[in-house]
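Novice: Below you'll find final.txt; it's compact mmCIF, C-alpha atoms and all ligand atoms.
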# COMPACT_ATOMS: atom_id res chain seq x y z
CA MET Q 1 26.50 -20.91 15.56
CA LEU Q 2 22.93 -20.05 14.64
CA LYS Q 3 22.59 -17.47 11.87
CA LEU Q 4 19.40 -15.44 11.50
CA HIS Q 5 18.59 -13.78 8.20
CA PHE Q 6 16.67 -10.76 9.29
CA ALA Q 7 14.96 -7.56 8.12
CA PRO Q 8 13.65 -4.84 10.43
CA ASN Q 9 9.95 -4.51 11.32
CA SER Q 10 9.16 -8.03 10.17
CA ARG Q 11 8.36 -11.46 11.58
CA ALA Q 12 12.11 -12.00 11.81
CA GLY Q 13 11.79 -9.94 15.02
CA ARG Q 14 10.08 -12.95 16.60
CA ILE Q 15 13.17 -15.09 16.17
CA LEU Q 16 15.54 -12.38 17.31
CA TRP Q 17 13.38 -11.96 20.41
CA LEU Q 18 13.36 -15.74 21.04
CA LEU Q 19 17.15 -15.97 20.70
CA GLU Q 20 17.47 -13.14 23.21
CA GLU Q 21 14.98 -14.75 25.62
CA LEU Q 22 16.97 -17.99 25.54
CA GLU Q 23 20.33 -16.19 25.63
CA LEU Q 24 21.55 -18.26 22.71
CA PRO Q 25 24.59 -17.01 20.77
CA TYR Q 26 23.72 -16.05 17.20
CA GLU Q 27 24.95 -14.24 14.15
CA LEU Q 28 22.66 -11.74 12.44
CA ASN Q 29 22.47 -11.08 8.72
CA LYS Q 30 20.65 -7.77 8.77
CA MET Q 31 19.11 -7.00 5.40
CA ALA Q 32 17.05 -4.00 4.35
CA PHE Q 33 13.31 -4.58 4.02
CA SER Q 34 13.59 -3.97 0.30
CA PRO Q 35 13.47 -6.03 -2.90
CA THR Q 36 17.14 -5.27 -3.48
CA ASP Q 37 18.09 -7.39 -0.48
CA LEU Q 38 15.14 -9.77 -0.05
CA LYS Q 39 14.66 -10.64 -3.72
CA SER Q 40 18.39 -10.93 -4.48
CA ASP Q 41 19.59 -14.23 -5.93
CA GLU Q 42 21.59 -14.70 -2.75
CA HIS Q 43 18.53 -14.48 -0.50
CA ARG Q 44 16.23 -16.36 -2.89
CA ALA Q 45 18.68 -19.24 -2.64
CA ARG Q 46 17.83 -19.30 1.10
CA HIS Q 47 14.08 -18.70 0.73
CA PRO Q 48 12.31 -19.33 -2.59
CA LEU Q 49 9.94 -16.38 -2.04
CA GLY Q 50 12.70 -14.08 -0.80
CA ARG Q 51 11.18 -13.67 2.66
CA VAL Q 52 12.33 -13.51 6.25
CA PRO Q 53 12.99 -15.02 8.71
CA VAL Q 54 15.39 -17.74 7.63
CA LEU Q 55 17.54 -19.59 10.17
CA GLU Q 56 20.76 -21.43 9.46
CA ASP Q 57 22.08 -23.99 11.91
CA GLY Q 58 25.19 -25.60 10.47
CA ASP Q 59 24.04 -27.45 7.36
CA THR Q 60 20.36 -27.03 8.26
CA GLN Q 61 18.38 -24.17 6.77
CA ILE Q 62 14.77 -23.50 7.78
CA TRP Q 63 12.13 -20.82 7.06
CA GLU Q 64 8.64 -20.06 8.46
CA SER Q 65 8.75 -18.25 11.78
CA GLY Q 66 6.58 -20.84 13.56
CA ALA Q 67 8.70 -23.72 12.34
CA ILE Q 68 11.87 -21.86 13.32
CA THR Q 69 10.50 -21.11 16.79
CA ASP Q 70 9.61 -24.75 17.32
CA TYR Q 71 12.94 -25.89 15.88
CA ILE Q 72 14.87 -23.71 18.32
CA LEU Q 73 12.73 -24.74 21.31
CA GLU Q 74 13.08 -28.43 20.50
CA LYS Q 75 16.63 -28.55 19.31
CA HIS Q 76 18.49 -25.95 21.27
CA LYS Q 77 16.93 -25.01 24.51
CA ASN Q 78 13.42 -25.50 25.75
CA GLY Q 79 14.05 -23.14 28.65
CA GLY Q 80 10.50 -23.82 29.85
CA LEU Q 81 9.03 -21.94 26.89
CA LYS Q 82 7.13 -24.97 25.57
CA PRO Q 83 4.89 -27.08 27.83
CA SER Q 84 5.36 -30.86 27.60
CA VAL Q 85 2.73 -33.01 25.87
CA ASP Q 86 1.50 -34.12 29.30
CA SER Q 87 0.94 -30.57 30.45
CA GLU Q 88 -2.63 -29.28 30.84
CA HIS Q 89 -1.47 -26.25 28.83
CA PHE Q 90 -0.15 -28.17 25.81
CA ALA Q 91 -3.31 -28.00 23.66
CA LYS Q 92 -3.83 -24.29 24.26
CA TYR Q 93 -0.14 -23.66 23.63
CA LEU Q 94 -0.49 -25.22 20.15
CA GLN Q 95 -3.77 -23.46 19.53
CA TRP Q 96 -2.49 -19.92 20.19
CA PHE Q 97 0.88 -20.62 18.57
CA HIS Q 98 -0.81 -21.57 15.27
CA TYR Q 99 -3.68 -19.08 15.55
CA CYS Q 100 -1.08 -16.41 14.89
CA GLU Q 101 -0.14 -17.26 11.28
CA GLY Q 102 -3.45 -19.02 10.63
CA MET Q 103 -5.97 -16.34 11.64
CA VAL Q 104 -4.33 -13.10 12.79
CA MET Q 105 -1.61 -12.52 10.22
CA PRO Q 106 -3.67 -12.95 7.01
CA PRO Q 107 -5.86 -9.87 7.62
CA MET Q 108 -2.85 -8.00 9.02
CA ASN Q 109 -0.93 -8.69 5.80
CA THR Q 110 -3.83 -7.21 3.82
CA ILE Q 111 -3.89 -4.14 6.07
CA VAL Q 112 -0.16 -3.58 5.58
CA VAL Q 113 -0.51 -4.01 1.80
CA HIS Q 114 -3.35 -1.46 1.63
CA THR Q 115 -1.85 1.11 4.00
CA VAL Q 116 1.91 0.89 3.48
CA ILE Q 117 3.08 -1.25 0.59
CA LEU Q 118 0.84 -0.29 -2.34
CA PRO Q 119 1.07 3.22 -3.77
CA PRO Q 120 -1.97 5.30 -2.66
CA GLU Q 121 -3.74 5.04 -6.04
CA ARG Q 122 -3.77 1.22 -5.82
CA ARG Q 123 -5.05 0.98 -2.24
CA ASP Q 124 -8.61 -0.30 -1.85
CA GLU Q 125 -10.74 1.05 1.01
CA THR Q 126 -13.26 -1.83 0.77
CA VAL Q 127 -10.59 -4.50 1.01
CA LEU Q 128 -8.93 -2.56 3.84
CA GLY Q 129 -12.18 -2.20 5.80
CA GLN Q 130 -12.93 -5.90 5.45
CA ALA Q 131 -9.42 -6.85 6.63
CA GLN Q 132 -9.75 -4.49 9.63
CA ARG Q 133 -13.02 -6.18 10.63
CA LEU Q 134 -11.46 -9.63 10.22
CA LEU Q 135 -8.47 -8.64 12.35
CA THR Q 136 -10.71 -7.19 15.07
CA ASN Q 137 -12.74 -10.42 15.09
CA ALA Q 138 -9.58 -12.53 15.23
CA LEU Q 139 -8.24 -10.51 18.17
CA LYS Q 140 -11.42 -10.70 20.27
CA PRO Q 141 -10.84 -14.30 21.49
CA VAL Q 142 -7.24 -13.38 22.30
CA ASN Q 143 -8.46 -10.46 24.41
CA GLU Q 144 -10.96 -12.72 26.19
CA ASN Q 145 -8.35 -15.42 26.78
CA LEU Q 146 -6.01 -12.91 28.42
CA GLU Q 147 -8.56 -12.01 31.12
CA GLY Q 148 -6.81 -12.59 34.47
CA LYS Q 149 -3.65 -13.90 32.78
CA ASP Q 150 -0.20 -12.41 32.24
CA TYR Q 151 0.51 -14.45 29.13
CA LEU Q 152 -1.43 -16.62 26.68
CA ILE Q 153 -1.18 -19.88 28.64
CA GLY Q 154 -0.38 -18.30 32.01
CA ASP Q 155 3.42 -18.48 31.94
CA PHE Q 156 5.44 -16.89 29.14
CA SER Q 157 5.89 -19.36 26.25
CA GLY Q 158 6.67 -19.79 22.56
CA ALA Q 159 3.01 -18.97 21.86
CA ASP Q 160 3.73 -15.41 23.10
CA ILE Q 161 6.71 -15.17 20.76
CA MET Q 162 4.35 -15.86 17.87
CA LEU Q 163 0.96 -14.39 18.77
CA GLY Q 164 2.35 -11.81 21.20
CA HIS Q 165 4.46 -10.38 18.40
CA SER Q 166 1.31 -10.18 16.23
CA CYS Q 167 -0.52 -8.35 19.03
CA PHE Q 168 2.41 -5.93 19.26
CA MET Q 169 2.32 -5.37 15.48
CA SER Q 170 -1.49 -5.00 15.47
CA ASN Q 171 -1.25 -2.42 18.23
CA ARG Q 172 1.46 -0.52 16.35
CA LEU Q 173 -0.78 -0.46 13.28
CA GLY Q 174 -3.53 1.09 15.40
CA CYS Q 175 -5.70 -2.03 15.10
CA VAL Q 176 -6.17 -2.72 18.83
CA SER Q 177 -9.02 -0.60 20.17
CA ASP Q 178 -9.07 0.66 23.76
CA GLU Q 179 -11.88 -1.83 24.44
CA MET Q 180 -9.36 -4.64 24.02
CA SER Q 181 -7.76 -3.61 27.28
CA ASN Q 182 -6.33 -7.07 28.01
CA ILE Q 183 -4.34 -7.01 24.75
CA LYS Q 184 -3.17 -3.46 25.48
CA ALA Q 185 -1.90 -4.54 28.92
CA TYR Q 186 -0.38 -7.71 27.42
CA VAL Q 187 1.54 -5.74 24.79
CA GLU Q 188 2.88 -3.43 27.51
CA LYS Q 189 4.06 -6.49 29.45
CA LEU Q 190 5.80 -7.90 26.38
CA GLU Q 191 7.45 -4.56 25.62
CA ALA Q 192 8.84 -4.43 29.16
CA ARG Q 193 10.68 -7.75 28.79
CA PRO Q 194 14.45 -7.11 28.52
CA ALA Q 195 14.83 -9.59 25.64
CA PHE Q 196 12.04 -7.88 23.72
CA LYS Q 197 13.66 -4.48 24.27
CA LYS Q 198 17.00 -5.82 23.09
CA ALA Q 199 15.40 -7.29 19.94
CA ILE Q 200 13.66 -4.00 19.17
CA GLU Q 201 16.84 -1.98 19.75
CA THR Q 202 18.72 -4.23 17.30
CA GLN Q 203 16.30 -3.24 14.55
N1 LIG H 301 4.50 -17.25 7.20
C1 LIG H 301 5.82 -16.72 7.00
C2 LIG H 301 5.70 -15.31 6.44
C3 LIG H 301 7.04 -14.76 5.99
C4 LIG H 301 6.86 -13.34 5.43
O1 LIG H 301 5.93 -13.07 4.68
N2 LIG H 301 7.75 -12.44 5.83
C5 LIG H 301 7.65 -11.07 5.38
C6 LIG H 301 8.09 -10.13 6.48
S1 LIG H 301 7.02 -10.13 7.87
C7 LIG H 301 8.58 -10.84 4.20
O2 LIG H 301 9.67 -11.36 4.16
N3 LIG H 301 8.16 -9.99 3.26
C8 LIG H 301 8.98 -9.59 2.18
C9 LIG H 301 8.24 -9.59 0.89
O3 LIG H 301 7.07 -9.97 0.86
O4 LIG H 301 8.84 -9.22 -0.10
C10 LIG H 301 6.57 -16.74 8.35
O5 LIG H 301 5.89 -16.79 9.39
O6 LIG H 301 7.80 -16.75 8.37
Take the structure I supplied and represent it as structure tokens, if you would.

Specialist:
Amino acid sequence: MLKLHFAPNSRAGRILWLLEELELPYELNKMAFSPTDLKSDEHRARHPLGRVPVLEDGDTQIWESGAITDYILEKHKNGGLKPSVDSEHFAKYLQWFHYCEGMVMPPMNTIVVHTVILPPERRDETVLGQAQRLLTNALKPVNENLEGKDYLIGDFSGADIMLGHSCFMSNRLGCVSDEMSNIKAYVEKLEARPAFKKAIETQ
């Protein structure tokens, strides 16, 4: 049985959502998003930085949400959520899948640090403004790509689990302007998926 080490309102939601999409049975270790749980010796033994998500599959333990997503799609059930190497969509699938942690999440992390995590007296408006501009720039190509499409590569895929979740988080943080109407519509589409709803309810 797959076991997901999870904390609410985090990237662990991606994996929960994926498990629900694929209807795979899983066990959930629901921790609090707090140092008490995440930085405990018990959790640090699973992840050296005390972060989530972590997936256990028998004797295998793996962290990094992208790696976990790919692991599940390859090992357990493709379910059509990953195009084959021969597919015309394969390159773009990889591109958007990795664009998520590579380009979108770094400025989003900075925004979260300077709006939520740091105490008000340690927040820096200059750093925050720069991160907001970087995030807006990173989202523009996503908005353009979604023109005339339901999902990132047309059909729903693992790339949506990764980057779609980041679009959802960006929108929740108020970082998707009304001008990015394709992302707004995309996020609504993702939120309407039963598996997404189930994953959100579990949090
Ligand atoms: N690149 C990693 C990032 C993991 C990560 O930073 N997770 C955050 C939650 S979204 C976390 O566990 N933060 C807890 C902390 O920093 O103490 C992934 O995609 O899994």

Novice: For the point (-6.2, -7.1, 25.9) in file coordinates, what residues are within 12 Å, counting all atoms listed in the file? Give the answer as a count of residues only?

Specialist: 35

Novice: Return as a count of residues only every polymer residue, whether protein, DNA or RNA, with at least one atom no more than 9 Å from an atom of ligand LIG 301 (chain H); count only C-alpha atoms and all ligand atoms.

Specialist: 31

Novice: One decimal, in Å: what's the spacing between atom CA of Q:Gly80 and atom CA of Q:Leu190?

Specialist: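 These atoms are spaced 17.0 Å apart.
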
Novice: State, in Å with one decimal place, the distance from atom CA of Q:Leu134 to atom CA of Q:Pro107.

Specialist: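 Between these atoms lies a distance of 6.2 Å.
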
Novice: Rank nothing, just name the residue among Q:Ile15, Q:Ala192, Q:Ser166, Q:Leu118 nearest to Q:Tyr71, using all atoms listed in the file.

Specialist: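 The shortest atom-to-atom distance to Q:Tyr71 comes from Q:Ile15.
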
Novice: Please provide as number ranges by chain all residues within 10 Å of Q:His98, with the sequence filter that same-chain residues fewer than 5 positions apart are discarded (counting all atoms listed in the file).

Specialist: Q: 66, 92-93, 103-104, 159, 162-163

Novice: Which residue gives the smallest distance to Q:Phe97 among Q:Asp155, Q:Asp70, Q:Glu56, Q:Glu21, with only C-alpha atoms counted?

Specialist: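 Smallest distance to Q:Phe97 is found for Q:Asp70.
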